[in-house]
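Below is the file data.cif, which contains mmCIF, C-alpha atoms and all ligand atoms.
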data_target
loop_
_atom_site.label_atom_id
_atom_site.label_comp_id
_atom_site.auth_asym_id
_atom_site.auth_seq_id
_atom_site.Cartn_x
_atom_site.Cartn_y
_atom_site.Cartn_z
CA MET A 249 22.68 0.35 -2.17
CA SER A 250 20.35 -1.88 -4.24
CA GLU A 251 18.56 -0.61 -7.36
CA ASP A 252 15.81 -3.18 -6.73
CA VAL A 253 13.50 -0.34 -5.74
CA THR A 254 13.58 3.17 -7.18
CA TYR A 255 12.30 6.38 -5.59
CA GLU A 256 11.24 9.63 -7.14
CA VAL A 257 9.07 12.46 -5.93
CA SER A 258 7.27 15.12 -7.92
CA GLU A 259 4.19 17.30 -7.40
CA GLY A 260 3.73 15.93 -3.89
CA VAL A 261 3.71 12.29 -5.01
CA ALA A 262 6.50 9.87 -4.07
CA THR A 263 6.65 6.89 -6.42
CA LEU A 264 8.37 3.71 -5.27
CA THR A 265 8.95 1.20 -8.05
CA LEU A 266 9.85 -2.45 -7.55
CA ASN A 267 12.56 -2.99 -10.09
CA ARG A 268 13.42 -6.64 -10.72
CA PRO A 269 11.36 -7.05 -13.89
CA GLU A 270 13.39 -10.04 -15.14
CA ARG A 271 12.35 -11.87 -11.92
CA MET A 272 8.69 -10.73 -11.91
CA ASN A 273 9.69 -8.27 -9.13
CA THR A 274 9.94 -11.23 -6.77
CA ILE A 275 11.19 -10.47 -3.30
CA SER A 276 14.89 -10.62 -2.50
CA GLY A 277 16.55 -9.72 0.79
CA PRO A 278 18.13 -6.53 -0.63
CA MET A 279 14.78 -5.56 -2.15
CA LEU A 280 12.99 -5.92 1.20
CA ASP A 281 15.63 -3.83 2.94
CA GLU A 282 15.51 -1.18 0.25
CA LEU A 283 11.72 -1.07 0.15
CA THR A 284 11.55 -0.73 3.93
CA ARG A 285 14.11 2.09 3.85
CA LEU A 286 12.32 3.91 1.03
CA LEU A 287 8.87 3.59 2.63
CA VAL A 288 10.30 5.17 5.79
CA ARG A 289 11.90 7.87 3.62
CA ALA A 290 8.59 8.58 1.85
CA GLY A 291 6.86 8.83 5.21
CA GLU A 292 9.39 11.44 6.33
CA ASP A 293 9.81 13.27 2.99
CA ARG A 294 8.31 16.75 3.34
CA GLU A 295 7.90 16.91 -0.45
CA ALA A 296 5.66 13.81 -0.46
CA ARG A 297 2.00 13.92 0.49
CA VAL A 298 0.92 10.72 -1.23
CA ILE A 299 2.86 7.54 -2.01
CA VAL A 300 2.42 5.35 -5.08
CA LEU A 301 3.81 1.80 -5.01
CA THR A 302 4.22 0.09 -8.38
CA GLY A 303 6.44 -2.30 -10.35
CA THR A 304 8.35 -2.35 -13.62
CA GLY A 305 7.70 -4.97 -16.29
CA ARG A 306 4.85 -7.45 -16.49
CA ALA A 307 4.32 -8.11 -12.74
CA PHE A 308 3.69 -5.93 -9.72
CA CYS A 309 5.35 -8.52 -7.48
CA ALA A 310 5.14 -12.33 -7.70
CA GLY A 311 6.06 -12.75 -4.03
CA LEU A 312 8.82 -15.06 -2.89
CA ASP A 313 11.44 -15.80 -5.54
CA LEU A 314 10.72 -19.51 -5.84
CA ASN A 315 13.75 -20.18 -8.05
CA ALA A 316 16.12 -18.61 -5.57
CA ALA A 317 14.43 -20.24 -2.55
CA GLN A 318 14.56 -23.67 -4.20
CA LYS A 319 18.27 -23.23 -4.87
CA GLY A 320 18.72 -22.44 -1.19
CA GLU A 321 19.46 -18.79 -1.81
CA GLY A 322 18.17 -16.06 0.50
CA ILE A 323 14.67 -15.69 1.87
CA GLY A 324 12.64 -18.84 2.27
CA SER A 325 15.52 -21.25 1.73
CA SER A 326 15.22 -22.33 5.36
CA SER A 327 13.55 -21.15 8.54
CA ALA A 328 16.99 -20.20 9.84
CA THR A 329 17.70 -17.85 6.94
CA PHE A 330 14.13 -16.56 7.09
CA GLY A 331 14.59 -15.65 10.73
CA ALA A 332 18.01 -14.21 10.04
CA THR A 333 17.05 -12.20 6.97
CA ILE A 334 13.68 -10.81 8.03
CA ASP A 335 12.80 -8.90 11.13
CA LEU A 336 9.02 -9.07 10.89
CA ARG A 337 8.63 -5.94 13.01
CA ASN A 338 10.41 -3.81 10.44
CA THR A 339 9.41 -4.96 6.97
CA PRO A 340 7.30 -3.34 4.23
CA PRO A 341 3.91 -4.55 5.57
CA THR A 342 4.49 -3.11 9.03
CA VAL A 343 6.01 0.12 7.72
CA LEU A 344 3.19 0.45 5.16
CA HIS A 345 0.57 -0.03 7.84
CA ALA A 346 2.14 2.62 10.07
CA LEU A 347 2.26 5.29 7.35
CA ASP A 348 -0.13 8.19 7.82
CA LYS A 349 0.32 9.30 4.22
CA PRO A 350 -2.07 7.62 1.78
CA VAL A 351 -0.52 4.85 -0.31
CA ILE A 352 -1.85 3.86 -3.72
CA ALA A 353 -0.89 0.52 -5.27
CA ALA A 354 -0.58 0.92 -9.03
CA LEU A 355 -0.88 -2.75 -9.98
CA ASN A 356 0.85 -2.72 -13.36
CA GLY A 357 0.68 -6.53 -13.36
CA SER A 358 0.00 -9.53 -11.15
CA ALA A 359 0.61 -9.61 -7.41
CA ALA A 360 1.12 -12.97 -5.71
CA GLY A 361 1.82 -14.07 -2.15
CA TYR A 362 3.86 -11.39 -0.44
CA GLY A 363 3.16 -9.11 -3.40
CA MET A 364 -0.60 -9.54 -2.94
CA ASP A 365 -0.32 -8.82 0.77
CA MET A 366 1.68 -5.67 0.05
CA ALA A 367 -0.99 -4.52 -2.39
CA LEU A 368 -3.65 -5.15 0.28
CA GLY A 369 -1.59 -3.08 2.71
CA CYS A 370 -2.02 -0.03 0.49
CA ASP A 371 -5.07 2.20 0.86
CA ILE A 372 -6.24 2.32 -2.74
CA ARG A 373 -5.58 -0.11 -5.58
CA VAL A 374 -5.68 0.55 -9.33
CA MET A 375 -5.28 -2.70 -11.25
CA ALA A 376 -4.36 -3.61 -14.83
CA ALA A 377 -7.14 -5.49 -16.60
CA GLU A 378 -4.90 -8.52 -17.36
CA ALA A 379 -3.36 -8.67 -13.89
CA LYS A 380 -4.23 -11.23 -11.19
CA LEU A 381 -4.06 -11.42 -7.43
CA ALA A 382 -2.77 -14.83 -6.35
CA ALA A 383 -3.13 -15.77 -2.70
CA ALA A 384 -0.68 -18.58 -3.39
CA PHE A 385 0.79 -19.08 0.09
CA VAL A 386 -0.93 -22.34 1.04
CA LYS A 387 -0.19 -23.74 -2.41
CA ARG A 388 3.50 -23.23 -1.62
CA GLY A 389 3.25 -24.78 1.86
CA ILE A 390 3.37 -21.59 3.88
CA LEU A 391 0.80 -19.08 5.12
CA PRO A 392 0.16 -15.39 4.53
CA GLU A 393 2.77 -13.74 6.73
CA SER A 394 2.62 -10.22 5.46
CA GLY A 395 -0.82 -8.97 6.38
CA GLY A 396 -3.31 -10.99 4.30
CA THR A 397 -4.82 -12.78 7.29
CA TRP A 398 -5.43 -9.37 8.90
CA PHE A 399 -6.62 -7.46 5.85
CA LEU A 400 -8.82 -9.94 4.01
CA PRO A 401 -11.34 -10.70 6.81
CA ARG A 402 -11.66 -6.95 7.43
CA MET A 403 -12.07 -6.16 3.75
CA LEU A 404 -14.30 -9.03 2.66
CA GLY A 405 -15.79 -10.60 5.79
CA TRP A 406 -14.80 -13.96 7.22
CA ALA A 407 -16.32 -16.36 4.70
CA LYS A 408 -14.94 -14.78 1.55
CA ALA A 409 -11.54 -14.22 3.16
CA ALA A 410 -11.45 -17.84 4.30
CA GLU A 411 -12.29 -19.01 0.78
CA ILE A 412 -9.46 -16.99 -0.78
CA ILE A 413 -6.84 -17.79 1.88
CA PHE A 414 -7.64 -21.50 2.22
CA THR A 415 -7.92 -22.16 -1.52
CA GLY A 416 -4.90 -20.01 -2.40
CA ARG A 417 -6.92 -19.04 -5.43
CA THR A 418 -5.80 -16.72 -8.21
CA LEU A 419 -8.31 -13.91 -8.77
CA SER A 420 -8.79 -12.09 -12.05
CA ALA A 421 -9.00 -8.30 -12.10
CA GLU A 422 -12.73 -8.67 -12.74
CA ASP A 423 -13.09 -10.86 -9.59
CA CYS A 424 -11.06 -8.34 -7.59
CA LEU A 425 -13.26 -5.46 -8.67
CA LYS A 426 -16.44 -7.43 -7.95
CA GLU A 427 -15.24 -8.33 -4.44
CA GLY A 428 -14.15 -4.76 -3.72
CA LEU A 429 -10.48 -5.73 -3.42
CA VAL A 430 -9.46 -3.04 -5.91
CA ASN A 431 -10.87 0.42 -6.57
CA GLU A 432 -10.50 0.46 -10.34
CA VAL A 433 -9.48 -1.78 -13.22
CA VAL A 434 -7.99 -0.06 -16.26
CA PRO A 435 -5.92 -1.13 -19.29
CA ALA A 436 -2.32 -1.87 -18.25
CA ASP A 437 -0.92 1.14 -20.10
CA GLN A 438 -3.22 3.46 -18.11
CA VAL A 439 -2.48 2.16 -14.60
CA ALA A 440 0.35 4.58 -13.83
CA ALA A 441 -1.53 7.60 -15.16
CA ARG A 442 -4.74 6.75 -13.33
CA ALA A 443 -2.94 6.08 -10.05
CA ARG A 444 -1.13 9.39 -10.41
CA GLU A 445 -4.37 11.20 -11.16
CA ILE A 446 -5.87 9.91 -7.90
CA ALA A 447 -2.63 10.69 -6.05
CA LEU A 448 -2.64 14.29 -7.31
CA GLU A 449 -6.29 14.70 -6.34
CA ILE A 450 -5.43 13.63 -2.79
CA ALA A 451 -2.18 15.65 -2.72
CA ALA A 452 -4.16 18.81 -3.48
CA ASN A 453 -6.02 18.44 -0.16
CA ALA A 454 -4.89 19.59 3.28
CA PRO A 455 -2.17 17.09 4.23
CA MET A 456 -2.68 17.19 7.99
CA ALA A 457 -6.39 16.55 7.47
CA VAL A 458 -5.79 13.65 5.08
CA GLN A 459 -3.20 12.07 7.35
CA GLY A 460 -5.33 12.59 10.44
CA ALA A 461 -8.25 10.94 8.66
CA LYS A 462 -6.08 7.94 7.74
CA ARG A 463 -4.80 7.65 11.32
CA LEU A 464 -8.38 7.66 12.55
CA MET A 465 -9.49 5.07 10.01
CA ARG A 466 -6.69 2.80 11.21
CA MET A 467 -7.54 3.40 14.89
CA GLY A 468 -11.22 2.86 14.15
CA MET A 469 -10.48 -0.73 13.06
CA GLU A 470 -9.55 -1.58 16.63
CA GLU A 471 -11.72 0.52 18.95
CA THR A 472 -15.27 1.11 20.12
CA PHE A 473 -17.31 3.97 18.68
CA ASP A 474 -17.17 5.94 21.93
CA THR A 475 -13.39 5.68 22.14
CA HIS A 476 -13.16 6.53 18.47
CA VAL A 477 -15.16 9.73 18.88
CA GLN A 478 -12.76 10.82 21.63
CA HIS A 479 -9.86 10.24 19.26
CA VAL A 480 -11.62 12.14 16.48
CA TYR A 481 -11.82 15.23 18.69
CA LEU A 482 -8.16 14.95 19.66
CA GLN A 483 -7.17 14.83 15.97
CA LEU A 484 -9.61 17.55 14.94
CA LEU A 485 -8.93 20.27 17.50
CA PRO A 486 -5.41 21.22 16.29
CA LEU A 487 -6.72 21.42 12.71
CA PHE A 488 -9.08 24.24 13.70
CA GLN A 489 -5.96 26.24 14.59
CA SER A 490 -4.20 25.48 11.30
CA GLN A 491 -3.46 27.81 8.39
CA ASP A 492 -4.86 25.10 6.11
CA PHE A 493 -8.27 25.35 7.81
CA ARG A 494 -8.30 29.09 7.13
CA GLU A 495 -7.13 28.48 3.56
CA GLY A 496 -9.83 25.84 3.06
CA MET A 497 -12.55 28.28 4.08
CA ALA A 498 -11.07 31.27 2.22
CA SER A 499 -10.56 29.37 -1.03
CA PHE A 500 -14.19 28.25 -1.02
CA LEU A 501 -15.55 31.70 -0.32
CA GLU A 502 -13.19 33.31 -2.86
CA LYS A 503 -14.12 30.64 -5.42
CA ARG A 504 -10.54 29.61 -6.14
CA PRO A 505 -8.53 26.39 -5.71
CA ALA A 506 -7.01 26.02 -2.25
CA VAL A 507 -3.24 26.06 -1.80
CA PHE A 508 -2.47 24.00 1.28
CA THR A 509 0.89 24.19 3.00
CA GLY A 510 0.54 21.53 5.66
CA LYS A 511 0.69 24.16 8.40
C1 LIG A 601 -0.02 -14.97 -10.92
C2 LIG A 601 1.44 -15.06 -11.37
C3 LIG A 601 2.34 -14.22 -10.48
C4 LIG A 601 1.57 -14.47 -12.80
O1 LIG A 601 0.88 -15.29 -13.70
P1 LIG A 601 1.16 -15.11 -15.26
O2 LIG A 601 1.07 -13.67 -15.62
O3 LIG A 601 0.25 -16.05 -15.96
O4 LIG A 601 2.68 -15.48 -15.49
P2 LIG A 601 3.36 -16.92 -15.48
O5 LIG A 601 3.45 -17.42 -16.88
O6 LIG A 601 2.75 -17.79 -14.47
O7 LIG A 601 4.82 -16.52 -14.96
C5 LIG A 601 5.79 -15.90 -15.83
C6 LIG A 601 7.16 -16.39 -15.46
O8 LIG A 601 7.51 -15.96 -14.14
C7 LIG A 601 7.84 -17.09 -13.33
N1 LIG A 601 7.40 -16.82 -11.96
C8 LIG A 601 6.20 -16.39 -11.58
N2 LIG A 601 6.16 -16.25 -10.24
C9 LIG A 601 7.38 -16.60 -9.78
C10 LIG A 601 7.95 -16.66 -8.49
N3 LIG A 601 7.26 -16.31 -7.41
N4 LIG A 601 9.21 -17.07 -8.39
C11 LIG A 601 9.92 -17.42 -9.47
N5 LIG A 601 9.44 -17.37 -10.73
C12 LIG A 601 8.19 -16.97 -10.87
C13 LIG A 601 7.07 -18.24 -13.93
O9 LIG A 601 7.64 -19.47 -13.58
C14 LIG A 601 7.22 -17.93 -15.43
O10 LIG A 601 8.52 -18.31 -15.83
P3 LIG A 601 8.75 -18.99 -17.26
O11 LIG A 601 8.33 -17.94 -18.25
O12 LIG A 601 10.21 -19.30 -17.29
O13 LIG A 601 7.88 -20.19 -17.30
C15 LIG A 601 1.88 -16.53 -11.39
O14 LIG A 601 3.14 -16.64 -12.06
C16 LIG A 601 2.01 -17.15 -10.05
O15 LIG A 601 1.04 -17.52 -9.43
N6 LIG A 601 3.26 -17.31 -9.59
C17 LIG A 601 3.58 -17.98 -8.35
C18 LIG A 601 3.43 -17.02 -7.21
C19 LIG A 601 3.88 -17.60 -5.90
O16 LIG A 601 3.61 -18.73 -5.58
N7 LIG A 601 4.60 -16.78 -5.12
C20 LIG A 601 5.10 -17.17 -3.84
C21 LIG A 601 4.02 -17.04 -2.80
S1 LIG A 601 4.59 -17.31 -1.16
C22 LIG A 601 5.30 -15.82 -0.73
O17 LIG A 601 5.25 -14.88 -1.45
C23 LIG A 601 5.97 -15.81 0.57
C24 LIG A 601 6.93 -15.01 1.02
C25 LIG A 601 7.46 -15.24 2.37
C26 LIG A 601 8.20 -14.23 3.08
C27 LIG A 601 8.94 -13.20 2.66
C28 LIG A 601 9.03 -12.70 1.39
C29 LIG A 601 8.38 -13.15 0.31
O18 LIG A 601 7.40 -14.04 0.19
#

Render the structure in this file as structure tokens.
Amino acid sequence: MSEDVTYEVSEGVATLTLNRPERMNTISGPMLDELTRLLVRAGEDREARVIVLTGTGRAFCAGLDLNAAQKGEGIGSSSATFGATIDLRNTPPTVLHALDKPVIAALNGSAAGYGMDMALGCDIRVMAAEAKLAAAFVKRGILPESGGTWFLPRMLGWAKAAEIIFTGRTLSAEDCLKEGLVNEVVPADQVAARAREIALEIAANAPMAVQGAKRLMRMGMEETFDTHVQHVYLQLLPLFQSQDFREGMASFLEKRPAVFTGK
């Protein structure tokens, strides 16, 4: 088992940490496999209500390991090895997108290429003030293959997304905040704490309600309003029967914090 990604869970928050700091947390085959496995684990972990994805060292993830790829090692060294090493249906972007639990990207440092797309695949982003998002794909001769072409037009509108994708531009944290690509920019040494603070705030809420809301947000990206409203009712009705609904009402009326059990 690779140590390229670590996993720990406490107080309802699962933290997955990309752990190749000496290589700017660039992507290796073992890292992709491990990250996929751990994202699935976090999705299934009954202790985890919220997931935080972060990196060790100065980068969040600089994307493809260009040194390794140039030497003909692993991912990206040829289309044959790419096809052989990556099953696009079961990689971090697809697993991330399918997760009902909220995912927060704690961008301790820069995210480029695949790393930027992974950050965009999270629900909320907290970014270090010195960090950058680099949409570098077209500068390297490839295209965003991990979600950027899907997320950016939805997040920014066509024109802005086209500008970022076609120029392969590197955006400062200030640019990212201005464009609405990240929720907050904080000093690097406060990223983990701030991301955790948001995670704990979410984890204190009724998990079935939070996850149902995320499912609906995802469905809403693809459907008409009328269809969406039907889906809202389907998600809502079981919640009326839940213990957490009763706890939510009781805690308000009794003027105390709610203790939700996910039942
Ligand atoms: C924006 C950056 C990520 C960070 O910028 P900055 O903080 O100014 O740091 P630098 O001085 O530029 O870099 C520090 C050192 O790290 C080396 N480095 C950076 N990125 C990579 C990388 N991707 N591979 C190998 N090495 C890297 C850099 O050369 C410096 O080394 P030295 O100190 O020895 O000089 C910025 O670094 C940047 O833009 N990097 C390039 C990002 C990039 O092009 N990534 C690939 C994009 S394509 C992609 O990700 C595609 C896939 C495809 C499919 C599957 C899986 C993965 O990715």

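Between atom CA of A:Glu295 and atom CA of A:Ser258 there is a distance of 7.7 Å.
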
**OP:** May I ask you to write as a list in words all residues lying at most 7 Å from ligand LIG 601 (chain A), with all atoms listed in the file counted?
**Re:** Arg271, Met272, Thr274, Ile275, Ala307, Ala310, Gly311, Leu312, Asp313, Leu314, Asn315, Ile323, Gly324, Ser358, Ala359, Ala360, Gly361, Tyr362, Gly363, Ala379, Lys380, Leu381, Ala382, Ala384, Phe385, Arg388, Ile390, Glu393 and Thr418 of chain A

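Taking atom CA of A:Thr397 and atom CA of A:Ala410 as endpoints, the distance between them is 8.9 Å.
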
Contact residues around A:Val374 with all atoms listed in the file at 6 Å, ignoring same-chain residues under 5 positions, as an mmCIF file with C-alpha atoms, in the frame of the given file:
data_model
loop_
_atom_site.group_PDB
_atom_site.id
_atom_site.type_symbol
_atom_site.label_atom_id
_atom_site.label_comp_id
_atom_site.auth_asym_id
_atom_site.auth_seq_id
_atom_site.Cartn_x
_atom_site.Cartn_y
_atom_site.Cartn_z
ATOM 1 C CA ALA A 354 -0.580 0.920 -9.030
ATOM 2 C CA LEU A 355 -0.880 -2.750 -9.980
ATOM 3 C CA ASN A 431 -10.870 0.420 -6.570
ATOM 4 C CA GLU A 432 -10.500 0.460 -10.340
ATOM 5 C CA VAL A 433 -9.480 -1.780 -13.220
#

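Using all atoms listed in the file, the shortest contact distance between A:Leu347 and any of A:Glu427, A:Asp293, A:Asp474, A:Glu411 is found at A:Asp293.
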
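Atom CA of A:Arg402 lies 25.3 Å from atom CA of A:Leu482.
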
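Using only C-alpha atoms, the nearest neighbour of A:Gly357 within the list A:Glu495, A:Glu378, A:Glu292, A:Asp281 is A:Glu378.
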
**OP:** With a distance cut-off of 8 Å and only C-alpha atoms, select the neighbouring residues of stretch 451-465 of chain A, excluding the residue or stretch itself and same-chain residues fewer than 4 positions from it, and output the selection as a ChimeraX atom specification.
**Re:** /A:260-261,297-298,348-350,447,469,476,479-480,483-484,487,492,496,506-511

Would you save the residues of that selection, restricted to C-alpha atoms, as a compact mmCIF listing (two decimals), in the coordinates of the input?
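The new file part28.txt reads:
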# COMPACT_ATOMS: atom_id res chain seq x y z
CA GLY A 260 3.73 15.93 -3.89
CA VAL A 261 3.71 12.29 -5.01
CA ARG A 297 2.00 13.92 0.49
CA VAL A 298 0.92 10.72 -1.23
CA ASP A 348 -0.13 8.19 7.82
CA LYS A 349 0.32 9.30 4.22
CA PRO A 350 -2.07 7.62 1.78
CA ALA A 447 -2.63 10.69 -6.05
CA MET A 469 -10.48 -0.73 13.06
CA HIS A 476 -13.16 6.53 18.47
CA HIS A 479 -9.86 10.24 19.26
CA VAL A 480 -11.62 12.14 16.48
CA GLN A 483 -7.17 14.83 15.97
CA LEU A 484 -9.61 17.55 14.94
CA LEU A 487 -6.72 21.42 12.71
CA ASP A 492 -4.86 25.10 6.11
CA GLY A 496 -9.83 25.84 3.06
CA ALA A 506 -7.01 26.02 -2.25
CA VAL A 507 -3.24 26.06 -1.80
CA PHE A 508 -2.47 24.00 1.28
CA THR A 509 0.89 24.19 3.00
CA GLY A 510 0.54 21.53 5.66
CA LYS A 511 0.69 24.16 8.40

Original post:
What lies within 9 Å of A:Ala440 using all atoms listed in the file, ignoring chain neighbours under 3 positions off, as number ranges by chain?
Top reply: A: 302, 354-356, 374, 436-437, 443-445

May I have the selected residues written with C-alpha atoms, as a compact mmCIF listing (two decimals), in the frame of the given file?
# COMPACT_ATOMS: atom_id res chain seq x y z
CA THR A 302 4.22 0.09 -8.38
CA ALA A 354 -0.58 0.92 -9.03
CA LEU A 355 -0.88 -2.75 -9.98
CA ASN A 356 0.85 -2.72 -13.36
CA VAL A 374 -5.68 0.55 -9.33
CA ALA A 436 -2.32 -1.87 -18.25
CA ASP A 437 -0.92 1.14 -20.10
CA ALA A 443 -2.94 6.08 -10.05
CA ARG A 444 -1.13 9.39 -10.41
CA GLU A 445 -4.37 11.20 -11.16

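Of the listed residues (A:Pro341, A:Pro269, A:Gly369, A:Gly322), A:Pro269 comes nearest to A:Cys309; the distances count all atoms listed in the file.
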
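You can rank A:Glu321, A:Gly277, A:Ala376, A:Thr304 by their closest distance to A:Pro340 using all atoms listed in the file, and at the top of that list sits A:Gly277.
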